[in-house]
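Okay, upload22.txt now, which holds compact mmCIF, N, CA and C atoms:
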# COMPACT_ATOMS: atom_id res chain seq x y z
N MET A 16 81.29 100.00 99.71
CA MET A 16 82.02 99.04 100.52
C MET A 16 83.53 99.20 100.31
N LYS A 17 83.92 99.30 99.04
CA LYS A 17 85.34 99.47 98.74
C LYS A 17 85.85 100.78 99.31
N ARG A 18 84.99 101.79 99.25
CA ARG A 18 85.41 103.09 99.79
C ARG A 18 85.68 103.00 101.28
N LEU A 19 84.85 102.22 101.99
CA LEU A 19 85.06 102.05 103.43
C LEU A 19 86.37 101.35 103.71
N ALA A 20 86.78 100.44 102.84
CA ALA A 20 88.04 99.73 103.04
C ALA A 20 89.24 100.66 102.87
N LEU A 21 89.07 101.73 102.11
CA LEU A 21 90.17 102.65 101.86
C LEU A 21 90.40 103.61 103.02
N ILE A 22 89.42 103.78 103.89
CA ILE A 22 89.56 104.72 105.01
C ILE A 22 90.70 104.32 105.94
N PRO A 23 90.78 103.04 106.38
CA PRO A 23 91.93 102.69 107.24
C PRO A 23 93.26 102.87 106.52
N LEU A 24 93.30 102.61 105.21
CA LEU A 24 94.53 102.80 104.46
C LEU A 24 94.93 104.27 104.44
N ALA A 25 93.95 105.12 104.28
CA ALA A 25 94.24 106.56 104.28
C ALA A 25 94.74 107.01 105.65
N LEU A 26 94.13 106.48 106.69
CA LEU A 26 94.57 106.83 108.04
C LEU A 26 95.97 106.31 108.30
N LEU A 27 96.26 105.10 107.82
CA LEU A 27 97.60 104.54 107.99
C LEU A 27 98.62 105.36 107.23
N ALA A 28 98.25 105.81 106.02
CA ALA A 28 99.18 106.62 105.23
C ALA A 28 99.47 107.94 105.95
N ALA A 29 98.47 108.47 106.61
CA ALA A 29 98.66 109.73 107.33
C ALA A 29 99.58 109.54 108.52
N CYS A 30 99.69 108.32 109.02
CA CYS A 30 100.53 108.06 110.19
C CYS A 30 101.95 107.67 109.81
N GLY A 31 102.24 107.51 108.54
CA GLY A 31 103.56 107.07 108.12
C GLY A 31 104.63 108.12 108.38
N THR A 32 105.87 107.70 108.16
CA THR A 32 106.98 108.62 108.31
C THR A 32 106.90 109.68 107.21
N PRO A 33 107.59 110.79 107.34
CA PRO A 33 107.57 111.81 106.29
C PRO A 33 108.00 111.24 104.93
N GLN A 34 108.96 110.32 104.96
CA GLN A 34 109.40 109.70 103.70
C GLN A 34 108.26 108.89 103.08
N GLU A 35 107.58 108.08 103.89
CA GLU A 35 106.46 107.28 103.40
C GLU A 35 105.34 108.17 102.89
N GLN A 36 105.06 109.25 103.62
CA GLN A 36 104.01 110.17 103.18
C GLN A 36 104.37 110.79 101.83
N CYS A 37 105.63 111.18 101.67
CA CYS A 37 106.09 111.77 100.40
C CYS A 37 105.93 110.76 99.26
N ILE A 38 106.37 109.54 99.49
CA ILE A 38 106.26 108.50 98.46
C ILE A 38 104.80 108.21 98.14
N ASN A 39 103.98 108.07 99.17
CA ASN A 39 102.55 107.79 98.95
C ASN A 39 101.87 108.91 98.17
N ARG A 40 102.20 110.13 98.52
CA ARG A 40 101.61 111.29 97.85
C ARG A 40 101.97 111.30 96.37
N ASN A 41 103.20 110.92 96.06
CA ASN A 41 103.68 111.02 94.68
C ASN A 41 103.50 109.76 93.84
N THR A 42 102.97 108.69 94.44
CA THR A 42 102.74 107.47 93.67
C THR A 42 101.27 107.04 93.70
N ARG A 43 100.40 107.97 94.01
CA ARG A 43 98.97 107.67 94.11
C ARG A 43 98.42 107.11 92.79
N ASP A 44 98.78 107.73 91.67
CA ASP A 44 98.29 107.26 90.38
C ASP A 44 98.79 105.84 90.08
N LEU A 45 100.03 105.58 90.43
CA LEU A 45 100.60 104.25 90.21
C LEU A 45 99.82 103.20 91.00
N ARG A 46 99.51 103.48 92.25
CA ARG A 46 98.75 102.53 93.07
C ARG A 46 97.34 102.34 92.52
N THR A 47 96.74 103.40 92.01
CA THR A 47 95.41 103.29 91.43
C THR A 47 95.43 102.39 90.20
N VAL A 48 96.42 102.58 89.34
CA VAL A 48 96.53 101.75 88.13
C VAL A 48 96.78 100.29 88.52
N GLU A 49 97.61 100.06 89.54
CA GLU A 49 97.85 98.68 89.99
C GLU A 49 96.58 98.04 90.52
N ARG A 50 95.77 98.79 91.25
CA ARG A 50 94.49 98.26 91.74
C ARG A 50 93.57 97.90 90.58
N LEU A 51 93.55 98.76 89.55
CA LEU A 51 92.71 98.50 88.38
C LEU A 51 93.20 97.28 87.61
N ILE A 52 94.51 97.07 87.58
CA ILE A 52 95.06 95.88 86.91
C ILE A 52 94.59 94.62 87.62
N VAL A 53 94.66 94.62 88.94
CA VAL A 53 94.21 93.45 89.72
C VAL A 53 92.73 93.19 89.46
N GLU A 54 91.92 94.24 89.46
CA GLU A 54 90.49 94.11 89.22
C GLU A 54 90.22 93.56 87.82
N THR A 55 90.93 94.07 86.82
CA THR A 55 90.73 93.65 85.44
C THR A 55 91.17 92.20 85.25
N GLU A 56 92.28 91.81 85.88
CA GLU A 56 92.73 90.42 85.80
C GLU A 56 91.69 89.48 86.43
N GLY A 57 91.10 89.91 87.54
CA GLY A 57 90.04 89.12 88.17
C GLY A 57 88.84 88.98 87.26
N ASN A 58 88.47 90.06 86.58
CA ASN A 58 87.35 90.01 85.64
C ASN A 58 87.63 89.01 84.53
N LEU A 59 88.84 89.03 83.99
CA LEU A 59 89.19 88.11 82.91
C LEU A 59 89.21 86.66 83.40
N ASP A 60 89.73 86.44 84.61
CA ASP A 60 89.76 85.08 85.16
C ASP A 60 88.35 84.53 85.36
N ARG A 61 87.44 85.37 85.87
CA ARG A 61 86.07 84.94 86.12
C ARG A 61 85.25 84.88 84.84
N GLY A 62 85.54 85.78 83.92
CA GLY A 62 84.73 85.89 82.70
C GLY A 62 83.60 86.90 82.83
N TYR A 63 83.53 87.57 83.94
CA TYR A 63 82.52 88.61 84.17
C TYR A 63 83.04 89.56 85.24
N ALA A 64 82.43 90.74 85.29
CA ALA A 64 82.80 91.73 86.30
C ALA A 64 81.83 91.61 87.47
N ILE A 65 82.22 92.19 88.58
CA ILE A 65 81.34 92.26 89.74
C ILE A 65 81.09 93.74 90.01
N GLU A 66 79.82 94.10 90.04
CA GLU A 66 79.48 95.49 90.31
C GLU A 66 78.70 95.58 91.61
N GLU A 67 78.86 96.69 92.28
CA GLU A 67 78.13 96.93 93.52
C GLU A 67 76.95 97.85 93.20
N ILE A 68 75.78 97.47 93.68
CA ILE A 68 74.60 98.31 93.51
C ILE A 68 73.99 98.57 94.88
N THR A 69 73.37 99.71 95.02
CA THR A 69 72.71 100.07 96.27
C THR A 69 71.21 99.80 96.12
N VAL A 70 70.68 99.05 97.07
CA VAL A 70 69.28 98.68 97.07
C VAL A 70 68.60 99.39 98.24
N SER A 71 67.44 99.98 97.98
CA SER A 71 66.67 100.63 99.04
C SER A 71 65.41 99.83 99.28
N GLU A 72 65.00 99.76 100.54
CA GLU A 72 63.75 99.08 100.85
C GLU A 72 63.06 99.81 101.99
N ASP A 73 61.74 99.75 101.98
CA ASP A 73 60.95 100.33 103.06
C ASP A 73 60.67 99.25 104.10
N TYR A 74 60.56 99.68 105.36
CA TYR A 74 60.19 98.75 106.41
C TYR A 74 59.37 99.50 107.46
N TRP A 75 58.56 98.74 108.17
CA TRP A 75 57.74 99.32 109.22
C TRP A 75 58.54 99.42 110.51
N ALA A 76 58.41 100.56 111.16
CA ALA A 76 59.11 100.79 112.43
C ALA A 76 58.17 101.54 113.37
N THR A 77 58.55 101.58 114.62
CA THR A 77 57.79 102.35 115.60
C THR A 77 58.41 103.74 115.70
N CYS A 78 57.58 104.74 115.45
CA CYS A 78 58.01 106.13 115.59
C CYS A 78 57.28 106.73 116.79
N PHE A 79 57.86 107.75 117.36
CA PHE A 79 57.25 108.39 118.53
C PHE A 79 56.99 109.85 118.23
N ASP A 80 55.72 110.26 118.34
CA ASP A 80 55.32 111.64 118.09
C ASP A 80 55.15 112.35 119.44
N PRO A 81 55.70 113.57 119.57
CA PRO A 81 55.50 114.32 120.81
C PRO A 81 54.06 114.85 120.88
N VAL A 82 53.43 114.62 122.00
CA VAL A 82 52.06 115.09 122.22
C VAL A 82 52.03 115.76 123.60
N VAL A 83 51.38 116.92 123.69
CA VAL A 83 51.27 117.62 124.97
C VAL A 83 49.97 117.18 125.64
N VAL A 84 50.12 116.57 126.83
CA VAL A 84 48.97 116.10 127.61
C VAL A 84 49.06 116.76 128.99
N GLU A 85 48.07 117.60 129.30
CA GLU A 85 48.00 118.31 130.58
C GLU A 85 49.31 119.05 130.87
N GLY A 86 49.83 119.73 129.86
CA GLY A 86 51.02 120.55 130.02
C GLY A 86 52.34 119.78 129.95
N GLU A 87 52.29 118.47 129.84
CA GLU A 87 53.51 117.65 129.74
C GLU A 87 53.62 117.07 128.34
N THR A 88 54.88 116.99 127.89
CA THR A 88 55.11 116.37 126.59
C THR A 88 55.34 114.88 126.80
N VAL A 89 54.52 114.09 126.13
CA VAL A 89 54.69 112.64 126.14
C VAL A 89 54.88 112.20 124.69
N TYR A 90 55.47 111.06 124.54
CA TYR A 90 55.72 110.55 123.19
C TYR A 90 54.81 109.37 122.91
N GLN A 91 53.96 109.58 121.91
CA GLN A 91 52.96 108.59 121.56
C GLN A 91 53.50 107.71 120.41
N PRO A 92 53.52 106.39 120.60
CA PRO A 92 54.04 105.53 119.54
C PRO A 92 53.05 105.38 118.39
N ARG A 93 53.60 105.22 117.20
CA ARG A 93 52.80 104.92 116.01
C ARG A 93 53.68 104.17 115.03
N MET A 94 53.05 103.45 114.14
CA MET A 94 53.80 102.73 113.10
C MET A 94 54.06 103.68 111.94
N CYS A 95 55.28 103.62 111.39
CA CYS A 95 55.62 104.47 110.26
C CYS A 95 56.57 103.72 109.33
N LEU A 96 56.60 104.16 108.09
CA LEU A 96 57.52 103.57 107.12
C LEU A 96 58.85 104.29 107.16
N LYS A 97 59.92 103.51 107.18
CA LYS A 97 61.27 104.06 107.11
C LYS A 97 61.97 103.41 105.93
N ASP A 98 63.08 104.00 105.55
CA ASP A 98 63.84 103.52 104.40
C ASP A 98 65.23 103.10 104.85
N ARG A 99 65.71 101.99 104.32
CA ARG A 99 67.09 101.59 104.58
C ARG A 99 67.73 101.17 103.25
N SER A 100 69.02 101.43 103.16
CA SER A 100 69.76 101.10 101.95
C SER A 100 70.90 100.16 102.30
N TYR A 101 71.22 99.28 101.39
CA TYR A 101 72.36 98.40 101.56
C TYR A 101 72.96 98.10 100.20
N THR A 102 74.19 97.64 100.22
CA THR A 102 74.91 97.40 98.98
C THR A 102 75.01 95.90 98.74
N VAL A 103 74.78 95.50 97.50
CA VAL A 103 74.93 94.10 97.12
C VAL A 103 75.82 94.03 95.89
N GLU A 104 76.45 92.89 95.72
CA GLU A 104 77.28 92.66 94.53
C GLU A 104 76.51 91.76 93.58
N ARG A 105 76.71 92.02 92.28
CA ARG A 105 76.10 91.15 91.29
C ARG A 105 77.03 91.05 90.08
N ALA A 106 76.85 89.97 89.36
CA ALA A 106 77.68 89.73 88.18
C ALA A 106 77.24 90.66 87.05
N LYS A 107 78.21 91.08 86.26
CA LYS A 107 77.92 91.96 85.13
C LYS A 107 78.68 91.43 83.91
N ALA A 108 77.98 91.28 82.82
CA ALA A 108 78.61 90.79 81.60
C ALA A 108 79.60 91.82 81.07
N ILE A 109 80.71 91.33 80.54
CA ILE A 109 81.73 92.21 79.98
C ILE A 109 82.18 91.67 78.64
N ASP A 110 82.75 92.53 77.83
CA ASP A 110 83.37 92.14 76.58
C ASP A 110 84.80 91.72 76.92
N LEU A 111 85.07 90.43 76.83
CA LEU A 111 86.38 89.92 77.25
C LEU A 111 87.51 90.47 76.38
N ASN A 112 87.26 90.69 75.10
CA ASN A 112 88.30 91.26 74.23
C ASN A 112 88.62 92.70 74.64
N ALA A 113 87.59 93.47 74.94
CA ALA A 113 87.81 94.86 75.38
C ALA A 113 88.51 94.87 76.74
N GLU A 114 88.16 93.93 77.60
CA GLU A 114 88.78 93.86 78.92
C GLU A 114 90.27 93.50 78.80
N ALA A 115 90.58 92.59 77.86
CA ALA A 115 91.99 92.23 77.63
C ALA A 115 92.77 93.42 77.07
N ALA A 116 92.14 94.18 76.19
CA ALA A 116 92.79 95.39 75.65
C ALA A 116 93.00 96.41 76.76
N LYS A 117 92.03 96.54 77.65
CA LYS A 117 92.15 97.47 78.77
C LYS A 117 93.31 97.04 79.68
N LEU A 118 93.44 95.74 79.93
CA LEU A 118 94.52 95.24 80.77
C LEU A 118 95.87 95.55 80.15
N SER A 119 95.99 95.35 78.85
CA SER A 119 97.25 95.65 78.16
C SER A 119 97.59 97.14 78.28
N SER A 120 96.59 97.98 78.10
CA SER A 120 96.78 99.43 78.20
C SER A 120 97.17 99.82 79.63
N LEU A 121 96.54 99.22 80.62
CA LEU A 121 96.86 99.53 82.01
C LEU A 121 98.29 99.10 82.36
N LYS A 122 98.72 97.97 81.83
CA LYS A 122 100.09 97.51 82.11
C LYS A 122 101.11 98.46 81.48
N THR A 123 100.80 98.97 80.29
CA THR A 123 101.68 99.95 79.65
C THR A 123 101.73 101.22 80.49
N LYS A 124 100.58 101.66 80.96
CA LYS A 124 100.51 102.87 81.79
C LYS A 124 101.26 102.66 83.10
N ARG A 125 101.14 101.46 83.70
CA ARG A 125 101.85 101.17 84.94
C ARG A 125 103.36 101.28 84.74
N ALA A 126 103.86 100.75 83.62
CA ALA A 126 105.30 100.83 83.34
C ALA A 126 105.74 102.29 83.22
N ASP A 127 104.94 103.11 82.53
CA ASP A 127 105.26 104.53 82.38
C ASP A 127 105.27 105.24 83.74
N LEU A 128 104.26 104.97 84.55
CA LEU A 128 104.17 105.60 85.87
C LEU A 128 105.29 105.14 86.79
N ALA A 129 105.67 103.87 86.70
CA ALA A 129 106.76 103.35 87.54
C ALA A 129 108.08 104.02 87.16
N ARG A 130 108.29 104.19 85.86
CA ARG A 130 109.51 104.89 85.41
C ARG A 130 109.52 106.33 85.92
N ALA A 131 108.39 106.99 85.83
CA ALA A 131 108.30 108.38 86.27
C ALA A 131 108.42 108.50 87.79
N ALA A 132 108.03 107.46 88.51
CA ALA A 132 108.05 107.50 89.98
C ALA A 132 109.45 107.29 90.55
N GLU A 133 110.32 106.63 89.80
CA GLU A 133 111.66 106.32 90.33
C GLU A 133 112.42 107.56 90.81
N PRO A 134 112.54 108.62 89.99
CA PRO A 134 113.27 109.80 90.49
C PRO A 134 112.54 110.50 91.65
N VAL A 135 111.24 110.46 91.64
CA VAL A 135 110.46 111.08 92.72
C VAL A 135 110.69 110.33 94.03
N ILE A 136 110.69 109.00 93.96
CA ILE A 136 110.95 108.19 95.15
C ILE A 136 112.35 108.45 95.67
N ALA A 137 113.32 108.52 94.74
CA ALA A 137 114.71 108.80 95.14
C ALA A 137 114.80 110.17 95.81
N GLN A 138 114.06 111.16 95.28
CA GLN A 138 114.07 112.50 95.87
C GLN A 138 113.45 112.47 97.27
N CYS A 139 112.36 111.72 97.45
CA CYS A 139 111.73 111.61 98.76
C CYS A 139 112.70 110.97 99.75
N LYS A 140 113.43 109.95 99.31
CA LYS A 140 114.37 109.27 100.20
C LYS A 140 115.54 110.19 100.56
N ALA A 141 115.96 111.03 99.61
CA ALA A 141 117.04 111.97 99.90
C ALA A 141 116.57 113.09 100.82
N GLU A 142 115.33 113.53 100.59
CA GLU A 142 114.78 114.64 101.36
C GLU A 142 114.42 114.24 102.79
N TYR A 143 113.95 112.99 102.94
CA TYR A 143 113.51 112.48 104.26
C TYR A 143 114.21 111.16 104.55
N PRO A 144 115.49 111.17 104.85
CA PRO A 144 116.18 109.89 105.14
C PRO A 144 115.65 109.28 106.45
N GLU A 145 115.63 107.96 106.49
CA GLU A 145 115.14 107.28 107.70
C GLU A 145 116.26 106.78 108.55
The structure in this file should be written as structure tokens.
Amino acid sequence: MKRLALIPLALLAACGTPQEQCINRNTRDLRTVERLIVETEGNLDRGYAIEEITVSEDYWATCFDPVVVEGETVYQPRMCLKDRSYTVERAKAIDLNAEAAKLSSLKTKRADLARAAEPVIAQCKAEYPE
């Protein structure tokens, strides 16, 4: 589900100006760390994580088999089992102390990535002025 939400963002990024594309390309890790920080803060606020799992189930459907009758192909209906999958969210227990340590580490990493991104962003702005 989350992956599907990223598709429009990727398409939007592809439509940006050359400057925006340059900045997006060079700050991908920073955006990923920021997304993880938001997720980790949410986990700490709730006291648990939310995980997505894929569930498969069988269901009865009408299938059509081709049968040749007097030289013509006709489709004869029959009942058959098919499979469908869907995604559900469920609560997952977490170690709150480990999650807090992870958040601290992610914030440190974000600061490092932001510092490293500053000259790259400046270079993109110089290279592709708007």
Subject >> Atomic separation - atom C of Ser120 in chain A relative to atom N of Leu59 in chain A, Å >> reply: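 Here the two named atoms are 14.3 Å from each other.
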Original post:
When you draw a straight line from atom N of Ile52 in chain A to atom C of Glu66 in chain A, how long is it in Å?
Top reply: 16.4 Å
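Every polymer residue reaching to within 5 Å of (92.2, 93.9, 82.0), counting only N, CA and C atoms, appears in this list: Thr55, Glu56, Glu114, Ala115, Lys117 and Leu118 of chain A.
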Subject >> Backbone-only DSSP, alpha helix (DSSP H) members of chain A, as a ChimeraX atom specification >> reply: /A:17-30,33-41,43-61,111-142
So that I can check the surroundings of Val48 in chain A, please list as a PDB file with N, CA and C atoms, in the coordinates of the input every protein, DNA and RNA residue that reaches within 8 Å of it, counting only C-alpha atoms and ignoring chain neighbours fewer than 3 positions away.
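What follows is the written file around_11.pdb:
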ATOM      1  N   ASP A  44      98.780 107.730  91.670  1.00  0.00           N
ATOM      2  CA  ASP A  44      98.290 107.260  90.380  1.00  0.00           C
ATOM      3  C   ASP A  44      98.790 105.840  90.080  1.00  0.00           C
ATOM      4  N   LEU A  45     100.030 105.580  90.430  1.00  0.00           N
ATOM      5  CA  LEU A  45     100.600 104.250  90.210  1.00  0.00           C
ATOM      6  C   LEU A  45      99.820 103.200  91.000  1.00  0.00           C
ATOM      7  N   LEU A  51      93.550  98.760  89.550  1.00  0.00           N
ATOM      8  CA  LEU A  51      92.710  98.500  88.380  1.00  0.00           C
ATOM      9  C   LEU A  51      93.200  97.280  87.610  1.00  0.00           C
ATOM     10  N   ILE A  52      94.510  97.070  87.580  1.00  0.00           N
ATOM     11  CA  ILE A  52      95.060  95.880  86.910  1.00  0.00           C
ATOM     12  C   ILE A  52      94.590  94.620  87.620  1.00  0.00           C
ATOM     13  N   LEU A 121      96.540  99.220  80.620  1.00  0.00           N
ATOM     14  CA  LEU A 121      96.860  99.530  82.010  1.00  0.00           C
ATOM     15  C   LEU A 121      98.290  99.100  82.360  1.00  0.00           C
ATOM     16  N   LYS A 124     100.580 101.660  80.960  1.00  0.00           N
ATOM     17  CA  LYS A 124     100.510 102.870  81.790  1.00  0.00           C
ATOM     18  C   LYS A 124     101.260 102.660  83.100  1.00  0.00           C
ATOM     19  N   ARG A 125     101.140 101.460  83.700  1.00  0.00           N
ATOM     20  CA  ARG A 125     101.850 101.170  84.940  1.00  0.00           C
ATOM     21  C   ARG A 125     103.360 101.280  84.740  1.00  0.00           C
TER      22      ARG A 125
END
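When DSSP is run on the backbone, the residues of range 89-134 of chain A that fall into strand (DSSP E or B) are Val89, Tyr90, Gln91, Pro92, Arg93, Met94, Cys95, Leu96, Lys97, Asp98, Arg99, Ser100, Tyr101, Thr102, Val103, Glu104, Arg105, Ala106 and Lys107 of chain A.
Picture a line from atom C of Thr32 in chain A to atom N of Lys140 in chain A; it runs 10.3 Å.
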**OP:** Compare A:Met94, A:Glu67, A:Asp127, A:Asn58 by their minimum atom-to-atom distance to Phe79 in chain A, counting all atoms listed in the file, and give me the closest one.
**Re:**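 When distances to Phe79 in chain A are compared using all atoms listed in the file, the smallest one comes from A:Met94.
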Subject >> Spatial neighbours of range 74-77 of chain A, max dist 6.5 Å, all atoms listed in the file, sep filter under 2 positions, as a ChimeraX atom specification >> reply: /A:72,79,92-99
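Compared by their closest atoms to Tyr63 in chain A, and using only C-alpha atoms, the residues A:Thr102, A:Asn112, A:Asn41, A:Gln36 rank with A:Asn112 nearest.
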Subject >> Shell of 8 Å around Tyr143 in chain A, all atoms listed in the file, local chain residues under 6 positions omitted, as a list of chain:residue names >> reply: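 Counting only the stated atoms, we get A:Thr32, A:Pro33, A:Gln34, A:Glu35, A:Ala137.
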**OP:** Go through A:Val103, A:Leu111, A:Cys139, A:Val89 one by one, measure the shortest atom-to-atom distance of each to Ser71 in chain A using only C-alpha atoms, and give the residue with the smallest value.
**Re:** A:Val103
